[in-house]
>>> print(open('model-v3.txt').read())   # compact mmCIF, C-alpha atoms
# COMPACT_ATOMS: atom_id res chain seq x y z
CA MET I 1 -151.00 57.51 -28.83
CA SER I 2 -151.25 57.63 -25.05
CA HIS I 3 -153.78 57.29 -22.28
CA ASP I 4 -154.05 61.07 -22.56
CA GLY I 5 -154.86 61.23 -26.27
CA ARG I 6 -152.82 61.98 -29.37
CA GLU I 7 -149.39 63.53 -29.13
CA VAL I 8 -148.97 66.80 -31.02
CA ARG I 9 -146.33 69.44 -31.52
CA ILE I 10 -146.57 73.16 -32.09
CA HIS I 11 -146.84 73.66 -35.85
CA SER I 12 -147.10 77.43 -36.17
CA VAL I 13 -148.52 80.63 -34.74
CA GLY I 14 -150.58 83.05 -36.82
CA ALA I 15 -151.96 86.50 -36.05
CA THR I 16 -155.64 87.28 -36.55
CA GLN I 17 -157.03 90.63 -37.62
CA ASP I 18 -158.66 91.33 -34.27
CA GLU I 19 -155.44 91.44 -32.21
CA GLY I 20 -155.59 87.75 -31.37
CA CYS I 21 -153.65 84.84 -32.70
CA VAL I 22 -154.11 81.21 -33.68
CA LEU I 23 -151.88 78.45 -32.36
CA PHE I 24 -151.73 75.45 -34.69
CA LEU I 25 -151.02 72.04 -33.17
CA GLU I 26 -149.84 69.31 -35.51
CA GLU I 27 -150.66 65.65 -34.91
CA ILE I 28 -147.46 63.58 -34.71
CA GLY I 29 -147.75 60.70 -37.17
CA GLY I 30 -150.99 62.07 -38.59
CA ALA I 31 -152.29 64.76 -40.92
CA ARG I 32 -154.58 66.72 -38.59
CA LEU I 33 -153.94 70.30 -37.53
CA LEU I 34 -155.81 71.72 -34.54
CA PRO I 35 -156.18 75.52 -34.56
CA ILE I 36 -156.67 77.17 -31.16
CA VAL I 37 -157.52 80.86 -30.95
CA ALA I 38 -155.56 82.62 -28.21
CA GLY I 39 -154.57 86.05 -26.98
CA LEU I 40 -151.88 87.98 -28.80
CA ASN I 41 -149.59 88.17 -25.75
CA GLU I 42 -149.52 84.42 -25.27
CA GLY I 43 -148.98 83.90 -29.01
CA LYS I 44 -146.11 86.38 -28.98
CA ALA I 45 -144.56 84.68 -25.95
CA LEU I 46 -144.73 81.35 -27.77
CA ALA I 47 -143.29 82.72 -31.01
CA LEU I 48 -140.54 84.51 -29.11
CA LYS I 49 -139.49 81.32 -27.35
CA ALA I 50 -139.71 79.30 -30.58
CA SER I 51 -137.47 81.84 -32.29
CA GLY I 52 -134.64 80.89 -29.93
CA LEU I 53 -133.98 84.53 -29.03
CA GLU I 54 -132.38 84.77 -25.61
CA LEU I 55 -133.71 87.63 -23.52
CA PRO I 56 -131.74 89.22 -20.67
CA ARG I 57 -134.55 88.85 -18.12
CA PRO I 58 -136.99 86.00 -17.51
CA MET I 59 -140.30 86.48 -19.29
CA THR I 60 -143.53 85.58 -17.49
CA HIS I 61 -143.65 81.92 -18.57
CA ASP I 62 -139.93 81.52 -17.86
CA LEU I 63 -140.63 82.59 -14.29
CA MET I 64 -143.54 80.15 -14.15
CA LEU I 65 -141.25 77.25 -15.03
CA SER I 66 -138.48 78.47 -12.68
CA LEU I 67 -140.93 78.56 -9.79
CA VAL I 68 -142.16 75.02 -10.50
CA GLU I 69 -138.62 73.69 -10.83
CA ALA I 70 -137.50 75.48 -7.65
CA THR I 71 -140.06 73.42 -5.73
CA GLY I 72 -138.49 70.19 -7.03
CA PHE I 73 -141.36 69.38 -9.39
CA SER I 74 -141.02 68.94 -13.16
CA VAL I 75 -143.54 69.72 -15.88
CA VAL I 76 -143.91 66.30 -17.48
CA ARG I 77 -146.64 66.95 -20.04
CA VAL I 78 -149.39 69.26 -21.11
CA LEU I 79 -152.84 68.16 -22.21
CA ILE I 80 -155.47 69.97 -24.25
CA SER I 81 -158.15 68.21 -22.30
CA GLU I 82 -161.52 69.56 -23.27
CA LEU I 83 -163.51 71.67 -25.72
CA ARG I 84 -166.69 73.04 -24.21
CA GLU I 85 -168.87 75.81 -25.66
CA ASP I 86 -166.09 76.80 -28.07
CA VAL I 87 -163.55 77.12 -25.23
CA PHE I 88 -160.48 74.89 -25.07
CA TYR I 89 -159.31 73.74 -21.65
CA ALA I 90 -155.85 72.48 -20.81
CA ARG I 91 -153.98 70.92 -17.93
CA VAL I 92 -150.33 71.28 -16.94
CA VAL I 93 -149.09 68.05 -15.36
CA LEU I 94 -146.36 68.21 -12.70
CA GLU I 95 -144.44 65.30 -11.26
CA LYS I 96 -142.14 64.72 -8.31
CA ASP I 97 -140.93 61.38 -6.94
CA GLY I 98 -143.49 59.53 -9.04
CA HIS I 99 -146.34 61.66 -7.70
CA GLU I 100 -148.30 63.50 -10.40
CA LEU I 101 -150.68 66.42 -10.09
CA SER I 102 -152.28 68.65 -12.68
CA VAL I 103 -153.51 72.24 -12.79
CA ASP I 104 -156.20 73.86 -14.95
CA ALA I 105 -154.81 76.30 -17.54
CA ARG I 106 -155.64 78.06 -20.75
CA PRO I 107 -154.08 76.18 -23.71
CA SER I 108 -151.95 79.19 -24.64
CA ASP I 109 -150.31 79.26 -21.21
CA ALA I 110 -149.98 75.48 -21.12
CA LEU I 111 -148.23 75.48 -24.51
CA ASN I 112 -145.91 78.26 -23.38
CA VAL I 113 -144.96 76.11 -20.40
CA ALA I 114 -144.53 73.02 -22.59
CA ILE I 115 -142.18 74.68 -25.07
CA ARG I 116 -140.00 75.87 -22.17
CA ALA I 117 -140.07 72.57 -20.31
CA ALA I 118 -139.53 70.66 -23.59
CA CYS I 119 -142.23 68.24 -22.49
CA PRO I 120 -144.72 66.35 -24.68
CA ILE I 121 -148.10 67.86 -25.59
CA PHE I 122 -151.24 65.76 -25.92
CA VAL I 123 -154.70 66.48 -27.27
CA ALA I 124 -157.58 64.43 -25.86
CA ASP I 125 -159.28 62.25 -28.51
CA GLU I 126 -162.58 63.90 -27.64
CA VAL I 127 -161.13 67.32 -28.50
CA PHE I 128 -159.95 66.09 -31.91
CA GLU I 129 -163.45 64.73 -32.52
CA LYS I 130 -165.26 67.93 -31.58
CA ALA I 131 -162.90 70.59 -32.95
CA ASP I 132 -162.84 72.17 -36.40
CA LEU I 133 -159.70 70.62 -37.83
CA LEU I 134 -157.48 71.39 -40.79
CA MET I 135 -155.46 68.85 -42.71
CA LYS I 136 -151.77 69.42 -43.25
CA PRO I 137 -150.96 70.39 -46.86
CA ILE I 138 -149.21 67.67 -48.88
CA SER I 139 -145.51 68.43 -48.94
CA GLY I 140 -142.95 67.72 -51.68
CA SER I 141 -141.58 64.83 -49.64
CA ASP I 142 -145.08 63.34 -49.27
CA VAL I 143 -145.42 63.38 -53.08
CA ALA I 144 -141.97 61.82 -53.54
CA LYS I 145 -142.83 59.09 -51.03
CA PHE I 146 -146.12 58.35 -52.83
CA ARG I 147 -144.30 58.14 -56.20
CA ALA I 148 -141.75 55.72 -54.78
CA GLU I 149 -144.52 53.54 -53.34
CA LEU I 150 -146.37 53.60 -56.66
CA GLU I 151 -143.26 52.56 -58.59
CA SER I 152 -142.58 49.65 -56.27
CA THR I 153 -146.19 48.44 -56.37
CA ASP I 154 -146.98 45.20 -58.19
CA PRO I 155 -149.98 46.00 -60.50
CA SER I 156 -151.57 42.60 -59.79
CA GLU I 157 -151.60 43.55 -56.07
CA ALA I 158 -153.32 46.81 -56.94
CA PHE I 159 -156.00 44.98 -58.92
CA LYS I 160 -156.39 42.45 -56.14
CA ALA I 161 -157.02 45.31 -53.72
CA LEU I 162 -159.84 46.54 -55.96
CA GLU I 163 -161.56 43.16 -56.11
CA GLY I 164 -164.98 43.11 -54.59
CA LYS I 165 -165.35 46.86 -54.86
CA PRO I 166 -168.16 48.16 -57.07
CA ALA I 167 -167.04 49.02 -60.62
CA PRO I 168 -167.01 52.76 -61.31
CA ARG I 169 -170.05 53.80 -63.30
CA GLU I 170 -169.82 55.57 -66.62
CA PRO I 171 -170.82 59.19 -66.41
CA MET X 1 -139.08 97.72 8.28
CA SER X 2 -137.70 94.22 7.87
CA HIS X 3 -134.47 92.40 7.20
CA ASP X 4 -135.50 92.63 3.55
CA GLY X 5 -135.98 96.38 3.42
CA ARG X 6 -139.05 98.63 3.55
CA GLU X 7 -142.53 97.28 3.12
CA VAL X 8 -144.51 98.84 0.29
CA ARG X 9 -147.86 98.40 -1.38
CA ILE X 10 -149.01 98.90 -4.93
CA HIS X 11 -150.09 102.53 -5.21
CA SER X 12 -151.14 102.81 -8.85
CA VAL X 13 -150.43 101.82 -12.43
CA GLY X 14 -149.99 104.37 -15.20
CA ALA X 15 -149.59 103.97 -18.95
CA THR X 16 -146.69 105.59 -20.79
CA GLN X 17 -146.82 106.94 -24.34
CA ASP X 18 -144.54 104.24 -25.74
CA GLU X 19 -146.83 101.29 -24.99
CA GLY X 20 -145.30 100.64 -21.61
CA CYS X 21 -146.52 101.38 -18.14
CA VAL X 22 -145.28 102.56 -14.76
CA LEU X 23 -146.00 100.69 -11.57
CA PHE X 24 -145.90 102.93 -8.50
CA LEU X 25 -145.00 101.38 -5.16
CA GLU X 26 -145.92 103.29 -2.03
CA GLU X 27 -143.84 103.09 1.15
CA ILE X 28 -146.00 101.95 4.08
CA GLY X 29 -145.61 104.46 6.91
CA GLY X 30 -143.57 106.79 4.72
CA ALA X 31 -143.97 109.32 1.93
CA ARG X 32 -141.82 107.79 -0.80
CA LEU X 33 -143.18 106.47 -4.09
CA LEU X 34 -141.03 104.21 -6.23
CA PRO X 35 -141.89 104.23 -9.95
CA ILE X 36 -140.93 101.11 -11.91
CA VAL X 37 -141.27 101.07 -15.68
CA ALA X 38 -142.72 97.80 -16.96
CA GLY X 39 -144.31 96.22 -20.00
CA LEU X 40 -147.90 97.04 -20.85
CA ASN X 41 -149.07 93.42 -20.56
CA GLU X 42 -147.79 93.05 -17.02
CA GLY X 43 -149.26 96.44 -16.08
CA LYS X 44 -152.62 95.44 -17.55
CA ALA X 45 -152.53 92.12 -15.69
CA LEU X 46 -151.90 94.00 -12.44
CA ALA X 47 -154.63 96.57 -13.06
CA LEU X 48 -157.07 93.84 -14.05
CA LYS X 49 -156.47 91.94 -10.83
CA ALA X 50 -156.60 95.13 -8.75
CA SER X 51 -159.96 95.97 -10.35
CA GLY X 52 -161.45 92.87 -8.73
CA LEU X 53 -162.94 91.71 -12.04
CA GLU X 54 -163.39 87.95 -12.02
CA LEU X 55 -162.48 86.29 -15.30
CA PRO X 56 -163.84 82.92 -16.40
CA ARG X 57 -160.43 81.40 -17.12
CA PRO X 58 -157.13 81.68 -15.19
CA MET X 59 -154.87 84.40 -16.55
CA THR X 60 -151.14 83.74 -16.85
CA HIS X 61 -150.20 84.91 -13.34
CA ASP X 62 -153.19 83.07 -11.86
CA LEU X 63 -151.80 79.87 -13.35
CA MET X 64 -148.38 80.73 -11.93
CA LEU X 65 -149.79 80.94 -8.42
CA SER X 66 -151.92 77.79 -8.89
CA LEU X 67 -148.85 75.83 -9.96
CA VAL X 68 -146.86 76.99 -6.92
CA GLU X 69 -149.72 76.22 -4.54
CA ALA X 70 -150.30 72.79 -6.12
CA THR X 71 -146.75 71.86 -5.10
CA GLY X 72 -147.54 72.67 -1.46
CA PHE X 73 -145.44 75.85 -1.40
CA SER X 74 -146.78 79.33 -0.60
CA VAL X 75 -145.61 82.67 -1.92
CA VAL X 76 -144.68 84.41 1.33
CA ARG X 77 -143.25 87.69 0.06
CA VAL X 78 -141.84 89.49 -2.91
CA LEU X 79 -138.74 91.68 -2.84
CA ILE X 80 -137.59 94.39 -5.22
CA SER X 81 -134.02 93.44 -4.53
CA GLU X 82 -131.72 95.39 -6.77
CA LEU X 83 -131.36 98.29 -9.20
CA ARG X 84 -128.47 97.83 -11.60
CA GLU X 85 -127.86 99.81 -14.78
CA ASP X 86 -131.41 101.17 -14.68
CA VAL X 87 -132.92 97.68 -14.42
CA PHE X 88 -134.90 96.62 -11.38
CA TYR X 89 -134.54 93.03 -10.18
CA ALA X 90 -136.97 91.18 -7.98
CA ARG X 91 -137.27 87.91 -6.13
CA VAL X 92 -140.34 85.80 -5.41
CA VAL X 93 -139.94 84.00 -2.08
CA LEU X 94 -141.61 80.61 -1.60
CA GLU X 95 -141.97 78.72 1.66
CA LYS X 96 -142.94 75.22 2.70
CA ASP X 97 -142.56 73.63 6.14
CA GLY X 98 -140.32 76.48 7.27
CA HIS X 99 -138.02 76.06 4.27
CA GLU X 100 -137.66 79.18 2.11
CA LEU X 101 -136.37 79.55 -1.42
CA SER X 102 -136.44 82.45 -3.84
CA VAL X 103 -136.51 82.84 -7.60
CA ASP X 104 -135.28 85.67 -9.83
CA ALA X 105 -138.09 87.64 -11.52
CA ARG X 106 -138.90 90.89 -13.21
CA PRO X 107 -140.61 93.25 -10.73
CA SER X 108 -143.78 93.37 -12.85
CA ASP X 109 -144.22 89.58 -12.67
CA ALA X 110 -143.28 89.52 -8.99
CA LEU X 111 -145.90 92.18 -8.20
CA ASN X 112 -148.51 90.29 -10.21
CA VAL X 113 -147.77 87.23 -8.10
CA ALA X 114 -147.85 89.26 -4.87
CA ILE X 115 -151.24 90.81 -5.54
CA ARG X 116 -152.68 87.34 -6.21
CA ALA X 117 -150.99 85.69 -3.22
CA ALA X 118 -151.90 88.68 -1.02
CA CYS X 119 -148.37 88.56 0.37
CA PRO X 120 -146.22 91.49 1.55
CA ILE X 121 -143.95 93.37 -0.86
CA PHE X 122 -140.57 94.76 0.21
CA VAL X 123 -138.10 97.11 -1.44
CA ALA X 124 -134.44 96.76 -0.49
CA ASP X 125 -133.05 99.88 1.24
CA GLU X 126 -130.35 100.06 -1.41
CA VAL X 127 -132.99 100.30 -4.13
CA PHE X 128 -134.72 103.20 -2.35
CA GLU X 129 -131.35 104.93 -2.09
CA LYS X 130 -130.45 104.51 -5.77
CA ALA X 131 -133.83 104.97 -7.46
CA ASP X 132 -135.46 108.17 -8.67
CA LEU X 133 -138.23 108.59 -6.14
CA LEU X 134 -141.37 110.66 -5.96
CA MET X 135 -143.00 111.91 -2.79
CA LYS X 136 -146.66 111.24 -2.16
CA PRO X 137 -148.83 114.36 -2.54
CA ILE X 138 -150.20 115.73 0.74
CA SER X 139 -153.78 114.58 1.15
CA GLY X 140 -156.71 116.32 2.85
CA SER X 141 -156.41 114.00 5.82
CA ASP X 142 -152.70 114.82 6.17
CA VAL X 143 -153.61 118.52 6.36
CA ALA X 144 -156.38 117.87 8.89
CA LYS X 145 -153.98 115.82 11.02
CA PHE X 146 -151.35 118.60 10.92
CA ARG X 147 -153.98 121.21 11.94
CA ALA X 148 -155.10 119.05 14.87
CA GLU X 149 -151.48 118.62 16.00
CA LEU X 150 -150.88 122.34 15.68
CA GLU X 151 -153.95 123.17 17.75
CA SER X 152 -152.94 120.81 20.52
CA THR X 153 -149.36 122.09 20.61
CA ASP X 154 -148.20 124.14 23.61
CA PRO X 155 -146.47 127.24 22.12
CA SER X 156 -143.75 127.12 24.79
CA GLU X 157 -142.88 123.61 23.59
CA ALA X 158 -142.61 124.90 20.04
CA PHE X 159 -140.24 127.67 21.13
CA LYS X 160 -138.24 125.18 23.17
CA ALA X 161 -137.86 123.04 20.06
CA LEU X 162 -136.39 126.01 18.22
CA GLU X 163 -133.82 126.76 20.94
CA GLY X 164 -130.27 126.33 19.85
CA LYS X 165 -131.20 126.64 16.16
CA PRO X 166 -129.71 129.62 14.28
CA ALA X 167 -132.10 132.60 14.05
CA PRO X 168 -133.43 133.12 10.53
CA ARG X 169 -131.63 135.92 8.79
CA GLU X 170 -133.41 138.93 7.39
CA PRO X 171 -133.57 138.90 3.66
>>> encode(input="model-v3.txt", output="structure tokens")
Amino acid sequence: MSHDGREVRIHSVGATQDEGCVLFLEEIGGARLLPIVAGLNEGKALALKASGLELPRPMTHDLMLSLVEATGFSVVRVLISELREDVFYARVVLEKDGHELSVDARPSDALNVAIRAACPIFVADEVFEKADLLMKPISGSDVAKFRAELESTDPSEAFKALEGKPAPREP
Amino acid sequence: MSHDGREVRIHSVGATQDEGCVLFLEEIGGARLLPIVAGLNEGKALALKASGLELPRPMTHDLMLSLVEATGFSVVRVLISELREDVFYARVVLEKDGHELSVDARPSDALNVAIRAACPIFVADEVFEKADLLMKPISGSDVAKFRAELESTDPSEAFKALEGKPAPREP
């Protein structure tokens, strides 16, 4: 949690049938996934960087970060700030000597900058409330954790937790 | 002419068959055209900007310029600096308070920045010497200008200019 919203990380990138792509952001410490539709080029640039492949020449977003850093500023975070009429808005936040400033960007560009700057990514609470979200699938380790919790649970505690709740009706 | 080389402007952008494109740079005050092969995305971004079409959201290179300008720096020029093993190299030159710095870039990104910053573009003399060049086709106005010069020429001056040159041989 932060004054900017919930922290997320890039979960995955998927291609759509109409030459676009979907960037999935994963809530850190939560189960929500935020899908953001983006252009194929920006999705490719993100996937390429995430793959760890080193290219001989700077790609467009590499140049973007180099230019910022050459000025003495750092990219300190990226924020998916707004969802308005089905369009996501983002801001890239720069900092130098304690002075912060932010610039309007498309989320796909902002995320490409974030992955290169290795800076945190936030999603405004309002965006999480308005967006169509997905929930992360339950993983094997989630199931194992639930089993372990169940085994260590005192049954009398479980019954106590149910007290006061309406009894389930017979069908 | 400049300490950086010859000034050029963007002449045109052409698509190649293999999903790439060619950016043609035109020498200002000269007849040489420098073709630079680039990626299709960067070529499209350049053509889109050159078309004057206003888009609702900042494209990638628009964000790049916004970030630079937010830091207080300006993009003052772009230089196609080097041609090595068939690869063109470029530099984007930033300036603030008389202090200049430059950053390594691919020519296609550098030109996309230049067209947005409306800054001059230079090509190093060495690049013009090493590259495969084209010559600009003669235009109707070139022909008209040559005719006007011819009509205003004193024939005795023309003969004087030929003096000392070897007489053409009969075939």
>>> closest_residue(input="model-v3.txt", among="I:Leu101, I:Val92, I:Ala70, I:Ile121", to="I:Glu7", atoms="only C-alpha atoms")
I:Ile121
>>> calpha_fit_and_write(input="model-v3.txt", fixed="chain X", moving="chain I", output="compact mmCIF listing (two decimals) with C-alpha atoms, in the frame of the given file")
# COMPACT_ATOMS: atom_id res chain seq x y z
CA MET I 1 -139.16 97.54 8.35
CA SER I 2 -137.79 94.04 7.86
CA HIS I 3 -134.55 92.23 7.20
CA ASP I 4 -135.58 92.50 3.55
CA GLY I 5 -136.06 96.26 3.45
CA ARG I 6 -139.09 98.53 3.60
CA GLU I 7 -142.58 97.16 3.15
CA VAL I 8 -144.57 98.74 0.32
CA ARG I 9 -147.92 98.30 -1.35
CA ILE I 10 -149.04 98.83 -4.91
CA HIS I 11 -150.13 102.46 -5.17
CA SER I 12 -151.17 102.76 -8.80
CA VAL I 13 -150.45 101.79 -12.38
CA GLY I 14 -150.01 104.36 -15.14
CA ALA I 15 -149.61 103.99 -18.90
CA THR I 16 -146.71 105.63 -20.71
CA GLN I 17 -146.84 107.01 -24.23
CA ASP I 18 -144.55 104.34 -25.66
CA GLU I 19 -146.83 101.36 -24.95
CA GLY I 20 -145.28 100.70 -21.55
CA CYS I 21 -146.53 101.40 -18.10
CA VAL I 22 -145.29 102.56 -14.71
CA LEU I 23 -146.02 100.66 -11.52
CA PHE I 24 -145.94 102.89 -8.44
CA LEU I 25 -145.04 101.31 -5.11
CA GLU I 26 -145.97 103.21 -1.97
CA GLU I 27 -143.91 102.99 1.21
CA ILE I 28 -146.07 101.82 4.13
CA GLY I 29 -145.67 104.31 6.97
CA GLY I 30 -143.64 106.66 4.80
CA ALA I 31 -144.04 109.22 2.03
CA ARG I 32 -141.87 107.71 -0.71
CA LEU I 33 -143.23 106.41 -4.00
CA LEU I 34 -141.07 104.15 -6.15
CA PRO I 35 -141.93 104.20 -9.87
CA ILE I 36 -140.94 101.10 -11.85
CA VAL I 37 -141.27 101.08 -15.63
CA ALA I 38 -142.72 97.82 -16.92
CA GLY I 39 -144.30 96.25 -19.98
CA LEU I 40 -147.88 97.07 -20.85
CA ASN I 41 -149.04 93.44 -20.58
CA GLU I 42 -147.78 93.05 -17.03
CA GLY I 43 -149.27 96.43 -16.08
CA LYS I 44 -152.61 95.42 -17.57
CA ALA I 45 -152.53 92.10 -15.72
CA LEU I 46 -151.90 93.95 -12.47
CA ALA I 47 -154.63 96.53 -13.08
CA LEU I 48 -157.07 93.80 -14.09
CA LYS I 49 -156.46 91.87 -10.88
CA ALA I 50 -156.64 95.05 -8.78
CA SER I 51 -159.98 95.89 -10.37
CA GLY I 52 -161.49 92.77 -8.80
CA LEU I 53 -162.93 91.62 -12.13
CA GLU I 54 -163.38 87.86 -12.14
CA LEU I 55 -162.42 86.24 -15.43
CA PRO I 56 -163.80 82.87 -16.56
CA ARG I 57 -160.37 81.37 -17.27
CA PRO I 58 -157.10 81.64 -15.35
CA MET I 59 -154.83 84.38 -16.67
CA THR I 60 -151.09 83.74 -16.93
CA HIS I 61 -150.18 84.88 -13.41
CA ASP I 62 -153.17 83.03 -11.96
CA LEU I 63 -151.76 79.85 -13.47
CA MET I 64 -148.34 80.71 -12.04
CA LEU I 65 -149.77 80.87 -8.53
CA SER I 66 -151.90 77.73 -9.03
CA LEU I 67 -148.83 75.78 -10.09
CA VAL I 68 -146.84 76.93 -7.04
CA GLU I 69 -149.70 76.13 -4.68
CA ALA I 70 -150.27 72.72 -6.29
CA THR I 71 -146.73 71.78 -5.26
CA GLY I 72 -147.54 72.58 -1.62
CA PHE I 73 -145.45 75.75 -1.53
CA SER I 74 -146.79 79.22 -0.71
CA VAL I 75 -145.62 82.59 -2.00
CA VAL I 76 -144.72 84.31 1.26
CA ARG I 77 -143.28 87.59 0.02
CA VAL I 78 -141.86 89.43 -2.93
CA LEU I 79 -138.77 91.61 -2.84
CA ILE I 80 -137.61 94.34 -5.20
CA SER I 81 -134.05 93.40 -4.49
CA GLU I 82 -131.75 95.37 -6.72
CA LEU I 83 -131.39 98.27 -9.13
CA ARG I 84 -128.49 97.83 -11.52
CA GLU I 85 -127.86 99.84 -14.69
CA ASP I 86 -131.41 101.21 -14.60
CA VAL I 87 -132.90 97.69 -14.36
CA PHE I 88 -134.91 96.61 -11.32
CA TYR I 89 -134.53 93.02 -10.15
CA ALA I 90 -136.98 91.15 -7.97
CA ARG I 91 -137.27 87.86 -6.15
CA VAL I 92 -140.35 85.74 -5.46
CA VAL I 93 -139.96 83.92 -2.14
CA LEU I 94 -141.63 80.52 -1.68
CA GLU I 95 -141.99 78.61 1.56
CA LYS I 96 -142.95 75.09 2.57
CA ASP I 97 -142.57 73.49 6.00
CA GLY I 98 -140.35 76.34 7.15
CA HIS I 99 -138.04 75.94 4.15
CA GLU I 100 -137.70 79.08 2.03
CA LEU I 101 -136.38 79.48 -1.49
CA SER I 102 -136.45 82.39 -3.89
CA VAL I 103 -136.50 82.81 -7.66
CA ASP I 104 -135.27 85.68 -9.85
CA ALA I 105 -138.09 87.63 -11.54
CA ARG I 106 -138.90 90.89 -13.21
CA PRO I 107 -140.63 93.24 -10.71
CA SER I 108 -143.77 93.36 -12.85
CA ASP I 109 -144.20 89.58 -12.69
CA ALA I 110 -143.28 89.48 -9.01
CA LEU I 111 -145.91 92.13 -8.21
CA ASN I 112 -148.51 90.25 -10.24
CA VAL I 113 -147.76 87.17 -8.14
CA ALA I 114 -147.86 89.18 -4.91
CA ILE I 115 -151.26 90.74 -5.57
CA ARG I 116 -152.69 87.26 -6.27
CA ALA I 117 -151.01 85.60 -3.31
CA ALA I 118 -151.92 88.58 -1.07
CA CYS I 119 -148.40 88.46 0.32
CA PRO I 120 -146.26 91.38 1.54
CA ILE I 121 -143.98 93.29 -0.85
CA PHE I 122 -140.61 94.66 0.22
CA VAL I 123 -138.15 97.04 -1.41
CA ALA I 124 -134.49 96.67 -0.45
CA ASP I 125 -133.11 99.78 1.32
CA GLU I 126 -130.39 99.98 -1.32
CA VAL I 127 -133.03 100.25 -4.06
CA PHE I 128 -134.77 103.12 -2.27
CA GLU I 129 -131.40 104.86 -1.99
CA LYS I 130 -130.48 104.47 -5.65
CA ALA I 131 -133.86 104.95 -7.35
CA ASP I 132 -135.48 108.16 -8.56
CA LEU I 133 -138.26 108.54 -6.02
CA LEU I 134 -141.42 110.61 -5.85
CA MET I 135 -143.03 111.84 -2.67
CA LYS I 136 -146.69 111.15 -2.05
CA PRO I 137 -148.85 114.29 -2.44
CA ILE I 138 -150.20 115.70 0.83
CA SER I 139 -153.77 114.55 1.24
CA GLY I 140 -156.71 116.34 2.91
CA SER I 141 -156.39 114.04 5.91
CA ASP I 142 -152.67 114.85 6.23
CA VAL I 143 -153.57 118.56 6.39
CA ALA I 144 -156.32 117.93 8.95
CA LYS I 145 -153.91 115.89 11.09
CA PHE I 146 -151.29 118.67 10.93
CA ARG I 147 -153.91 121.28 11.95
CA ALA I 148 -155.00 119.17 14.91
CA GLU I 149 -151.38 118.75 16.03
CA LEU I 150 -150.78 122.49 15.67
CA GLU I 151 -153.85 123.34 17.76
CA SER I 152 -152.82 121.00 20.54
CA THR I 153 -149.24 122.28 20.60
CA ASP I 154 -148.08 124.33 23.58
CA PRO I 155 -146.36 127.46 22.10
CA SER I 156 -143.65 127.38 24.79
CA GLU I 157 -142.76 123.85 23.58
CA ALA I 158 -142.51 125.15 20.03
CA PHE I 159 -140.15 127.93 21.12
CA LYS I 160 -138.14 125.48 23.18
CA ALA I 161 -137.72 123.32 20.08
CA LEU I 162 -136.27 126.32 18.24
CA GLU I 163 -133.72 127.10 20.94
CA GLY I 164 -130.16 126.76 19.83
CA LYS I 165 -131.08 127.04 16.17
CA PRO I 166 -129.66 130.01 14.26
CA ALA I 167 -132.04 132.99 14.07
CA PRO I 168 -133.45 133.54 10.58
CA ARG I 169 -131.67 136.38 8.83
CA GLU I 170 -133.47 139.40 7.48
CA PRO I 171 -133.64 139.44 3.72
>>> closest_residue(input="model-v3.txt", among="I:Ile28, I:Ala114, I:Leu65, I:Ala131", to="chain X", atoms="only C-alpha atoms")
I:Leu65
>>> residues_near_point(input="model-v3.txt", point="(-154.9, 85.1, -4.6)", cutoff="10 Å", atoms="only C-alpha atoms", output="list in words")
Lys49, His61, Asp62, Leu65, Ser66, Val75, Asn112, Val113, Ala114, Ile115, Arg116, Ala117, Ala118 and Cys119 of chain X
>>> residues_near_point(input="model-v3.txt", point="(-159.0, 72.0, -34.6)", cutoff="12 Å", atoms="all atoms listed in the file", output="mmCIF file with C-alpha atoms, in the coordinates of the input")
data_model
loop_
_atom_site.group_PDB
_atom_site.id
_atom_site.type_symbol
_atom_site.label_atom_id
_atom_site.label_comp_id
_atom_site.auth_asym_id
_atom_site.auth_seq_id
_atom_site.Cartn_x
_atom_site.Cartn_y
_atom_site.Cartn_z
ATOM 1 C CA VAL I 8 -148.970 66.800 -31.020
ATOM 2 C CA VAL I 22 -154.110 81.210 -33.680
ATOM 3 C CA LEU I 23 -151.880 78.450 -32.360
ATOM 4 C CA PHE I 24 -151.730 75.450 -34.690
ATOM 5 C CA LEU I 25 -151.020 72.040 -33.170
ATOM 6 C CA GLU I 26 -149.840 69.310 -35.510
ATOM 7 C CA GLU I 27 -150.660 65.650 -34.910
ATOM 8 C CA ALA I 31 -152.290 64.760 -40.920
ATOM 9 C CA ARG I 32 -154.580 66.720 -38.590
ATOM 10 C CA LEU I 33 -153.940 70.300 -37.530
ATOM 11 C CA LEU I 34 -155.810 71.720 -34.540
ATOM 12 C CA PRO I 35 -156.180 75.520 -34.560
ATOM 13 C CA ILE I 36 -156.670 77.170 -31.160
ATOM 14 C CA VAL I 37 -157.520 80.860 -30.950
ATOM 15 C CA ILE I 80 -155.470 69.970 -24.250
ATOM 16 C CA GLU I 82 -161.520 69.560 -23.270
ATOM 17 C CA LEU I 83 -163.510 71.670 -25.720
ATOM 18 C CA ASP I 86 -166.090 76.800 -28.070
ATOM 19 C CA VAL I 87 -163.550 77.120 -25.230
ATOM 20 C CA PHE I 88 -160.480 74.890 -25.070
ATOM 21 C CA VAL I 123 -154.700 66.480 -27.270
ATOM 22 C CA ALA I 124 -157.580 64.430 -25.860
ATOM 23 C CA ASP I 125 -159.280 62.250 -28.510
ATOM 24 C CA GLU I 126 -162.580 63.900 -27.640
ATOM 25 C CA VAL I 127 -161.130 67.320 -28.500
ATOM 26 C CA PHE I 128 -159.950 66.090 -31.910
ATOM 27 C CA GLU I 129 -163.450 64.730 -32.520
ATOM 28 C CA LYS I 130 -165.260 67.930 -31.580
ATOM 29 C CA ALA I 131 -162.900 70.590 -32.950
ATOM 30 C CA ASP I 132 -162.840 72.170 -36.400
ATOM 31 C CA LEU I 133 -159.700 70.620 -37.830
ATOM 32 C CA LEU I 134 -157.480 71.390 -40.790
ATOM 33 C CA MET I 135 -155.460 68.850 -42.710
ATOM 34 C CA LYS I 136 -151.770 69.420 -43.250
#
